[in-house]
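Student: Structure provided below as structure tokens; questions to follow.
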Amino acid sequence: MRQKIVAGNWKMNTTADEGQKLTSEIVNMVQDEISADVQVILAPPFTHLQSVGKLIGSSKKIALAAQNVNENESGAYTGEVSAGMLQSVGVEWVIIGHSERREYFKESGEQLAKKINAALKGGLRPIFCCGEPLEVREKEEHEGHVKQQLQDSLFHLSKEQISKVVIAYEPVWAIGTGKTASAGQAQEMHKSIRRQIAEKWGEEVAGQLRILYGGSMKPDNAKELMDQPDVDGGLIGGASLKSRDFLQIIKSA
Ligand code: PEP
């Protein structure tokens, strides 16, 4: 049985105070209301990592993620943050390849492969995002598109390295749009991703890999999505900013 993961990506939202309030609410609710074996991950902005990390404390159920990492270890890269820096403030996970980074910051598959390497070398576990834009889905080329994304950024990894990675399938047309992939569409793609992992690294690795769904997951659709056999949790944007909604989604897992 794969442990489910529910990760909240706050993106560029919340002030430090708002972030602390949100974290405290989530920590208390998870402590009081969640008994199931679910891994909750919070990905606040860089500026909040330490304060959010303090509030999470030693909770085994909740872990800290960054939303990005630079591919270099250190040096003259103004404004950037390295894996070592993140690890030094208690970060365990990092989101890599989010469609907003691919689109607005022009991160290529090759650059993302370097970020994956830097994260793993620095002791972080990557949450690697993939997913097709609407026009690709409309041409029914979504499977090939995602396959290429996996090949470009993950296929150089060893068995041991890929075992540390979590994949998030996030159809771009569903992110922040209120449109969600149907449970059937999500399952079909997750199954295809797992098959590609199996072809490359074998059935055992594929059977253990967690594949999250992301794209307008909300309390009212989370259960149906996460009940699919190959959907191992969710990467949540908007709904992770409301503690009650986020908790409902965790409960669905
Ligand atoms: C995301 O940005 O990863 C995401 C899934 O956003 P939303 O839930 O708001 O669609």
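Labels used: A, B, ... for chains in the order of the structure tokens, numbers from 1 for residues in each chain, and numbers from 1 for ligands as shown.
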Within 6 Å of A:Ser216, counting only C-alpha atoms, which residues qualify if same-chain residues fewer than 5 places away don't, as JSON, numbers by chain?
Tutor: {"A": [174, 175, 176, 178, 180]}
Student: May I have the selected residues written with N, CA and C atoms, as a PDB file, in the first residue's frame?
Tutor:
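What landed in out20.pdb:
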```pdb
ATOM      1  N   ALA A 174      -6.097  22.595 -16.043  1.00  0.00           N
ATOM      2  CA  ALA A 174      -6.877  22.428 -14.816  1.00  0.00           C
ATOM      3  C   ALA A 174      -6.301  23.234 -13.654  1.00  0.00           C
ATOM      4  N   ILE A 175      -5.130  23.840 -13.851  1.00  0.00           N
ATOM      5  CA  ILE A 175      -4.484  24.529 -12.726  1.00  0.00           C
ATOM      6  C   ILE A 175      -5.068  25.919 -12.541  1.00  0.00           C
ATOM      7  N   GLY A 176      -5.680  26.122 -11.393  1.00  0.00           N
ATOM      8  CA  GLY A 176      -6.223  27.430 -11.036  1.00  0.00           C
ATOM      9  C   GLY A 176      -7.392  27.861 -11.901  1.00  0.00           C
ATOM     10  N   GLY A 178     -10.427  26.059 -12.057  1.00  0.00           N
ATOM     11  CA  GLY A 178     -11.698  25.514 -11.593  1.00  0.00           C
ATOM     12  C   GLY A 178     -12.112  24.284 -12.399  1.00  0.00           C
ATOM     13  N   THR A 180     -11.458  20.578 -13.497  1.00  0.00           N
ATOM     14  CA  THR A 180     -10.663  19.463 -12.991  1.00  0.00           C
ATOM     15  C   THR A 180     -10.685  18.344 -14.021  1.00  0.00           C
TER      16      THR A 180
END
```
Student: Please provide as a ChimeraX atom specification all residues within 9 Å of A:Val69, with the sequence filter that same-chain residues fewer than 3 positions apart are discarded (counting only C-alpha atoms).
Tutor: /A:66,72,80-83,86,94-96,115-116,118-119
Student: Between A:Ile62, A:Met1, A:Met226, A:Ala239, single out the one closest to A:Asn28, counting only C-alpha atoms.
Tutor: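 Of the candidates, the smallest distance to A:Asn28 is held by A:Ile62.
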Student: Which of stretch 8-228 of chain A end up as strand (DSSP E or B) when DSSP is run on this backbone - answer as a VMD selection string?
Tutor: chain A and resid 8 to 9 38 to 43 62 to 66 93 to 96 125 to 130 166 to 169 211 to 214
Student: Using 9 Å as the limit and counting only C-alpha atoms and all ligand atoms, can you tabulate each residue of chain A that touches ligand 1, with its shortest atom-to-atom distance in Å and the two atoms involved, as JSON lines?
Tutor:
```
{"residue": "A:Ala7", "atom": "CA", "partner": "ligand 1", "partner_atom_place_in_ligand_line": "3 (O)", "distance": 8.9}
{"residue": "A:Gly8", "atom": "CA", "partner": "ligand 1", "partner_atom_place_in_ligand_line": "3 (O)", "distance": 7.9}
{"residue": "A:Asn9", "atom": "CA", "partner": "ligand 1", "partner_atom_place_in_ligand_line": "3 (O)", "distance": 6.0}
{"residue": "A:Trp10", "atom": "CA", "partner": "ligand 1", "partner_atom_place_in_ligand_line": "2 (O)", "distance": 8.0}
{"residue": "A:Lys11", "atom": "CA", "partner": "ligand 1", "partner_atom_place_in_ligand_line": "2 (O)", "distance": 7.1}
{"residue": "A:His98", "atom": "CA", "partner": "ligand 1", "partner_atom_place_in_ligand_line": "3 (O)", "distance": 6.8}
{"residue": "A:Ser99", "atom": "CA", "partner": "ligand 1", "partner_atom_place_in_ligand_line": "2 (O)", "distance": 7.8}
{"residue": "A:Glu100", "atom": "CA", "partner": "ligand 1", "partner_atom_place_in_ligand_line": "2 (O)", "distance": 7.6}
{"residue": "A:Cys129", "atom": "CA", "partner": "ligand 1", "partner_atom_place_in_ligand_line": "3 (O)", "distance": 8.2}
{"residue": "A:Ala168", "atom": "CA", "partner": "ligand 1", "partner_atom_place_in_ligand_line": "3 (O)", "distance": 8.4}
{"residue": "A:Glu170", "atom": "CA", "partner": "ligand 1", "partner_atom_place_in_ligand_line": "5 (C)", "distance": 6.4}
{"residue": "A:Pro171", "atom": "CA", "partner": "ligand 1", "partner_atom_place_in_ligand_line": "5 (C)", "distance": 8.7}
{"residue": "A:Val172", "atom": "CA", "partner": "ligand 1", "partner_atom_place_in_ligand_line": "10 (O)", "distance": 8.6}
{"residue": "A:Trp173", "atom": "CA", "partner": "ligand 1", "partner_atom_place_in_ligand_line": "10 (O)", "distance": 8.9}
{"residue": "A:Ala174", "atom": "CA", "partner": "ligand 1", "partner_atom_place_in_ligand_line": "10 (O)", "distance": 5.9}
{"residue": "A:Ile175", "atom": "CA", "partner": "ligand 1", "partner_atom_place_in_ligand_line": "10 (O)", "distance": 3.4}
{"residue": "A:Gly176", "atom": "CA", "partner": "ligand 1", "partner_atom_place_in_ligand_line": "10 (O)", "distance": 3.6}
{"residue": "A:Thr177", "atom": "CA", "partner": "ligand 1", "partner_atom_place_in_ligand_line": "10 (O)", "distance": 6.3}
{"residue": "A:Gly178", "atom": "CA", "partner": "ligand 1", "partner_atom_place_in_ligand_line": "10 (O)", "distance": 6.8}
{"residue": "A:Lys179", "atom": "CA", "partner": "ligand 1", "partner_atom_place_in_ligand_line": "10 (O)", "distance": 8.1}
{"residue": "A:Thr180", "atom": "CA", "partner": "ligand 1", "partner_atom_place_in_ligand_line": "10 (O)", "distance": 8.0}
{"residue": "A:Tyr213", "atom": "CA", "partner": "ligand 1", "partner_atom_place_in_ligand_line": "5 (C)", "distance": 7.7}
{"residue": "A:Gly214", "atom": "CA", "partner": "ligand 1", "partner_atom_place_in_ligand_line": "5 (C)", "distance": 4.0}
{"residue": "A:Gly215", "atom": "CA", "partner": "ligand 1", "partner_atom_place_in_ligand_line": "10 (O)", "distance": 3.7}
{"residue": "A:Ser216", "atom": "CA", "partner": "ligand 1", "partner_atom_place_in_ligand_line": "10 (O)", "distance": 3.5}
{"residue": "A:Met217", "atom": "CA", "partner": "ligand 1", "partner_atom_place_in_ligand_line": "8 (O)", "distance": 5.3}
{"residue": "A:Lys218", "atom": "CA", "partner": "ligand 1", "partner_atom_place_in_ligand_line": "8 (O)", "distance": 7.4}
{"residue": "A:Gly234", "atom": "CA", "partner": "ligand 1", "partner_atom_place_in_ligand_line": "5 (C)", "distance": 7.9}
{"residue": "A:Leu235", "atom": "CA", "partner": "ligand 1", "partner_atom_place_in_ligand_line": "5 (C)", "distance": 5.4}
{"residue": "A:Ile236", "atom": "CA", "partner": "ligand 1", "partner_atom_place_in_ligand_line": "8 (O)", "distance": 4.2}
{"residue": "A:Gly237", "atom": "CA", "partner": "ligand 1", "partner_atom_place_in_ligand_line": "6 (O)", "distance": 3.4}
{"residue": "A:Gly238", "atom": "CA", "partner": "ligand 1", "partner_atom_place_in_ligand_line": "9 (O)", "distance": 3.8}
{"residue": "A:Ala239", "atom": "CA", "partner": "ligand 1", "partner_atom_place_in_ligand_line": "8 (O)", "distance": 6.1}
{"residue": "A:Ser240", "atom": "CA", "partner": "ligand 1", "partner_atom_place_in_ligand_line": "8 (O)", "distance": 7.6}
```
Student: List the neighbours of stretch 147-154 of chain A out to 7 Å using only C-alpha atoms; skip same-chain residues closer than 3 positions along the sequence, and give me the result as a list of chain:residue names.
Tutor: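 Counting only the stated atoms, we get A:Gly109, A:Glu110, A:Leu112, A:Ala113, A:Cys130, A:Glu143, A:Gly144, A:Leu157.
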Student: Compare A:Ser192, A:Ile127, A:Lys200, A:Arg101 by their minimum atom-to-atom distance to A:Ile167, counting only C-alpha atoms, and give me the closest one.
Tutor: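 Checking each of A:Ser192, A:Ile127, A:Lys200, A:Arg101 against A:Ile167, counting only C-alpha atoms, the winner is A:Ile127.
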Student: Using only C-alpha atoms, find the one residue out of A:Gln31, A:Ser182, A:Asn70, A:Asn13 that sits nearest to A:Pro45.
Tutor: A:Asn13
Student: What gap, in Å, lies between atom CA of A:Trp93 and atom CA of A:Lys54?
Tutor: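 Interatomic distance here is 15.9 Å.
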Student: Could you check how far atom CA of A:Glu204 sits from atom CA of A:Gly131, in Å to one decimal?
Tutor: 23.9 Å
Student: Identify which of the residues A:Lys114, A:Glu188, A:Gln39, A:Val89 lies closest to A:Ser59, counting only C-alpha atoms when measuring atom-to-atom distances.
Tutor: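 Once distances to A:Ser59 are computed over only C-alpha atoms, the minimum belongs to A:Gln39.
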